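The structure appears right after this line, and notes come after that.
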Amino acid sequence: MKVDRAVRPIGNCVTHEQANLRKEAAAALGEIADADGAPFLALVANDPDPDVRKNARWALHQIAARKAKADK
């Protein structure tokens, strides 16, 4: 599966009832660092679980860093 095709299926997991799955989905989106993952991460940037929030914010930072690098 191409990475860009994985963003939506992984992103759909950020709203799962299980916090660990939300946390890991956010981390995976950060590893991919594709801008299409940002809307999914925005959904959990203020998640009740601190680990989910941490990973979502880290992932959003990864996306911003990748974009900044591409803009150079």
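Chain labels follow the order of the structure tokens: the first chain is A, the next B, and so on; residue numbering restarts at 1 in every chain, and ligands are counted from 1 in their shown order.
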
- Item | region 26-32 of chain A surroundings by only C-alpha atoms, 8 Å radius, close-in-sequence under 3 positions cut, as a list of chain:residue names | A:Val3, A:Val7, A:Ile10, A:Gly11, A:Val14, A:Arg22, A:Lys23, A:Gly37, A:Leu41, A:Val52, A:Asn55, A:Ala56, A:Trp58, A:Ala59, A:Leu60, A:His61, A:Gln62, A:Ile63

- Task: Grab the CA of Asp4 (chain A) to CA of Asp36 (chain A) distance for me, in Å with one decimal place.
- Result: 8.2 Å

Let's see if you can do this: from backbone DSSP, list all alpha helix (DSSP H) residues in chain A, as a short mmCIF file (atom, residue, chain, number, x, y, z; two decimals) with N, CA, C and O atoms, in the first residue's frame.
```cif
data_model
loop_
_atom_site.label_atom_id
_atom_site.label_comp_id
_atom_site.auth_asym_id
_atom_site.auth_seq_id
_atom_site.Cartn_x
_atom_site.Cartn_y
_atom_site.Cartn_z
N VAL A 3 2.00 4.96 0.84
CA VAL A 3 1.84 5.70 2.08
C VAL A 3 0.66 6.66 2.02
O VAL A 3 -0.14 6.73 2.95
N ASP A 4 0.51 7.38 0.91
CA ASP A 4 -0.59 8.35 0.83
C ASP A 4 -1.94 7.67 0.89
O ASP A 4 -2.91 8.25 1.36
N ARG A 5 -2.01 6.44 0.44
CA ARG A 5 -3.27 5.70 0.51
C ARG A 5 -3.56 5.21 1.93
O ARG A 5 -4.69 4.84 2.25
N ALA A 6 -2.56 5.21 2.79
CA ALA A 6 -2.73 4.73 4.17
C ALA A 6 -3.26 5.82 5.10
O ALA A 6 -3.77 5.51 6.17
N VAL A 7 -3.16 7.07 4.69
CA VAL A 7 -3.53 8.17 5.58
C VAL A 7 -4.99 8.07 6.01
O VAL A 7 -5.30 8.15 7.21
N ARG A 8 -5.90 7.89 5.10
CA ARG A 8 -7.33 7.86 5.45
C ARG A 8 -7.68 6.67 6.36
O ARG A 8 -8.31 6.87 7.40
N PRO A 9 -7.26 5.44 6.03
CA PRO A 9 -7.60 4.33 6.94
C PRO A 9 -7.00 4.51 8.34
O PRO A 9 -7.66 4.22 9.34
N ILE A 10 -5.78 5.01 8.40
CA ILE A 10 -5.17 5.24 9.71
C ILE A 10 -5.88 6.40 10.40
O ILE A 10 -6.18 6.34 11.60
N GLY A 11 -6.14 7.45 9.65
CA GLY A 11 -6.82 8.62 10.22
C GLY A 11 -8.18 8.28 10.80
O GLY A 11 -8.58 8.86 11.82
N ALA A 19 -8.20 4.39 23.62
CA ALA A 19 -7.18 5.44 23.61
C ALA A 19 -5.87 4.97 23.00
O ALA A 19 -5.21 5.73 22.29
N ASN A 20 -5.49 3.73 23.26
CA ASN A 20 -4.22 3.24 22.73
C ASN A 20 -4.23 3.23 21.20
O ASN A 20 -3.22 3.54 20.56
N LEU A 21 -5.36 2.88 20.61
CA LEU A 21 -5.46 2.89 19.15
C LEU A 21 -5.40 4.32 18.62
O LEU A 21 -4.74 4.60 17.62
N ARG A 22 -6.07 5.24 19.29
CA ARG A 22 -5.99 6.65 18.89
C ARG A 22 -4.56 7.16 18.95
O ARG A 22 -4.07 7.84 18.05
N LYS A 23 -3.86 6.80 20.03
CA LYS A 23 -2.48 7.22 20.23
C LYS A 23 -1.58 6.69 19.11
O LYS A 23 -0.77 7.42 18.53
N GLU A 24 -1.71 5.41 18.81
CA GLU A 24 -0.87 4.79 17.78
C GLU A 24 -1.22 5.32 16.39
O GLU A 24 -0.33 5.47 15.54
N ALA A 25 -2.48 5.59 16.14
CA ALA A 25 -2.88 6.15 14.84
C ALA A 25 -2.27 7.54 14.66
O ALA A 25 -1.76 7.87 13.58
N ALA A 26 -2.29 8.34 15.71
CA ALA A 26 -1.68 9.66 15.64
C ALA A 26 -0.18 9.55 15.38
O ALA A 26 0.37 10.29 14.56
N ALA A 27 0.47 8.62 16.05
CA ALA A 27 1.91 8.42 15.84
C ALA A 27 2.19 8.00 14.40
O ALA A 27 3.15 8.48 13.77
N ALA A 28 1.38 7.10 13.88
CA ALA A 28 1.58 6.64 12.50
C ALA A 28 1.41 7.79 11.51
O ALA A 28 2.17 7.92 10.55
N LEU A 29 0.43 8.64 11.76
CA LEU A 29 0.24 9.80 10.87
C LEU A 29 1.43 10.75 10.95
O LEU A 29 1.81 11.37 9.96
N GLY A 30 2.03 10.83 12.12
CA GLY A 30 3.24 11.65 12.26
C GLY A 30 4.42 11.06 11.51
O GLY A 30 5.23 11.78 10.93
N GLU A 31 4.52 9.75 11.51
CA GLU A 31 5.60 9.09 10.76
C GLU A 31 5.42 9.31 9.26
O GLU A 31 6.39 9.51 8.54
N ILE A 32 4.19 9.26 8.81
CA ILE A 32 3.91 9.49 7.38
C ILE A 32 4.11 10.96 7.05
O ILE A 32 4.64 11.30 6.00
N ALA A 38 -3.49 15.95 8.66
CA ALA A 38 -3.73 17.06 9.61
C ALA A 38 -5.18 17.15 10.09
O ALA A 38 -5.40 17.36 11.29
N PRO A 39 -6.18 17.03 9.22
CA PRO A 39 -7.56 17.11 9.72
C PRO A 39 -7.90 16.02 10.74
O PRO A 39 -8.62 16.27 11.71
N PHE A 40 -7.34 14.83 10.54
CA PHE A 40 -7.58 13.76 11.50
C PHE A 40 -6.92 14.09 12.83
O PHE A 40 -7.49 13.88 13.90
N LEU A 41 -5.71 14.61 12.77
CA LEU A 41 -4.97 14.95 13.98
C LEU A 41 -5.61 16.10 14.72
O LEU A 41 -5.58 16.14 15.95
N ALA A 42 -6.20 17.02 14.00
CA ALA A 42 -6.89 18.14 14.64
C ALA A 42 -8.05 17.64 15.51
O ALA A 42 -8.37 18.25 16.53
N LEU A 43 -8.63 16.52 15.12
CA LEU A 43 -9.74 15.95 15.90
C LEU A 43 -9.30 15.51 17.29
O LEU A 43 -10.11 15.49 18.22
N VAL A 44 -8.04 15.12 17.43
CA VAL A 44 -7.58 14.58 18.71
C VAL A 44 -6.50 15.44 19.36
O VAL A 44 -5.89 15.02 20.34
N PRO A 50 -3.85 12.10 27.68
CA PRO A 50 -2.65 12.90 27.46
C PRO A 50 -1.68 12.30 26.43
O PRO A 50 -1.01 13.04 25.72
N ASP A 51 -1.61 10.97 26.34
CA ASP A 51 -0.73 10.35 25.36
C ASP A 51 -1.23 10.57 23.93
O ASP A 51 -0.43 10.74 23.01
N VAL A 52 -2.53 10.56 23.76
CA VAL A 52 -3.11 10.83 22.44
C VAL A 52 -2.81 12.28 22.05
O VAL A 52 -2.37 12.55 20.94
N ARG A 53 -3.03 13.19 22.98
CA ARG A 53 -2.74 14.62 22.71
C ARG A 53 -1.28 14.81 22.34
O ARG A 53 -0.95 15.51 21.39
N LYS A 54 -0.40 14.19 23.10
CA LYS A 54 1.04 14.32 22.85
C LYS A 54 1.39 13.84 21.45
O LYS A 54 2.11 14.52 20.70
N ASN A 55 0.90 12.67 21.08
CA ASN A 55 1.21 12.12 19.75
C ASN A 55 0.57 12.96 18.64
O ASN A 55 1.19 13.16 17.59
N ALA A 56 -0.63 13.44 18.86
CA ALA A 56 -1.30 14.25 17.83
C ALA A 56 -0.53 15.54 17.60
O ALA A 56 -0.31 15.94 16.45
N ARG A 57 -0.12 16.17 18.66
CA ARG A 57 0.63 17.43 18.52
C ARG A 57 2.00 17.20 17.90
O ARG A 57 2.46 17.99 17.09
N TRP A 58 2.65 16.11 18.28
CA TRP A 58 3.93 15.75 17.66
C TRP A 58 3.74 15.51 16.16
O TRP A 58 4.53 15.99 15.35
N ALA A 59 2.69 14.79 15.83
CA ALA A 59 2.43 14.48 14.42
C ALA A 59 2.15 15.74 13.61
O ALA A 59 2.64 15.89 12.48
N LEU A 60 1.39 16.66 14.19
CA LEU A 60 1.13 17.93 13.50
C LEU A 60 2.44 18.70 13.29
O LEU A 60 2.64 19.32 12.24
N HIS A 61 3.33 18.63 14.25
CA HIS A 61 4.65 19.25 14.11
C HIS A 61 5.45 18.60 12.98
O HIS A 61 6.11 19.28 12.21
N GLN A 62 5.36 17.28 12.89
CA GLN A 62 6.07 16.55 11.82
C GLN A 62 5.56 16.98 10.45
O GLN A 62 6.34 17.16 9.51
N ILE A 63 4.27 17.14 10.33
CA ILE A 63 3.67 17.57 9.06
C ILE A 63 4.15 18.98 8.72
O ILE A 63 4.54 19.26 7.58
N ALA A 64 4.15 19.87 9.71
CA ALA A 64 4.60 21.25 9.48
C ALA A 64 6.08 21.28 9.08
O ALA A 64 6.47 22.04 8.19
N ALA A 65 6.87 20.45 9.73
CA ALA A 65 8.31 20.41 9.41
C ALA A 65 8.53 19.88 8.00
O ALA A 65 9.39 20.40 7.27
N ARG A 66 7.79 18.89 7.60
CA ARG A 66 7.92 18.34 6.25
C ARG A 66 7.52 19.40 5.22
O ARG A 66 8.18 19.55 4.19
N LYS A 67 6.46 20.12 5.50
CA LYS A 67 6.01 21.17 4.58
C LYS A 67 7.05 22.27 4.49
O LYS A 67 7.36 22.75 3.40
N ALA A 68 7.61 22.68 5.63
CA ALA A 68 8.63 23.73 5.64
C ALA A 68 9.86 23.30 4.84
O ALA A 68 10.44 24.10 4.10
N LYS A 69 10.22 22.04 4.98
CA LYS A 69 11.39 21.53 4.24
C LYS A 69 11.10 21.52 2.73
O LYS A 69 11.98 21.85 1.93
N ALA A 70 9.89 21.17 2.37
CA ALA A 70 9.52 21.12 0.95
C ALA A 70 9.43 22.52 0.35
O ALA A 70 9.67 22.71 -0.84
N ASP A 71 9.11 23.51 1.19
CA ASP A 71 8.96 24.88 0.71
C ASP A 71 10.31 25.58 0.50
O ASP A 71 10.35 26.66 -0.07
#
```
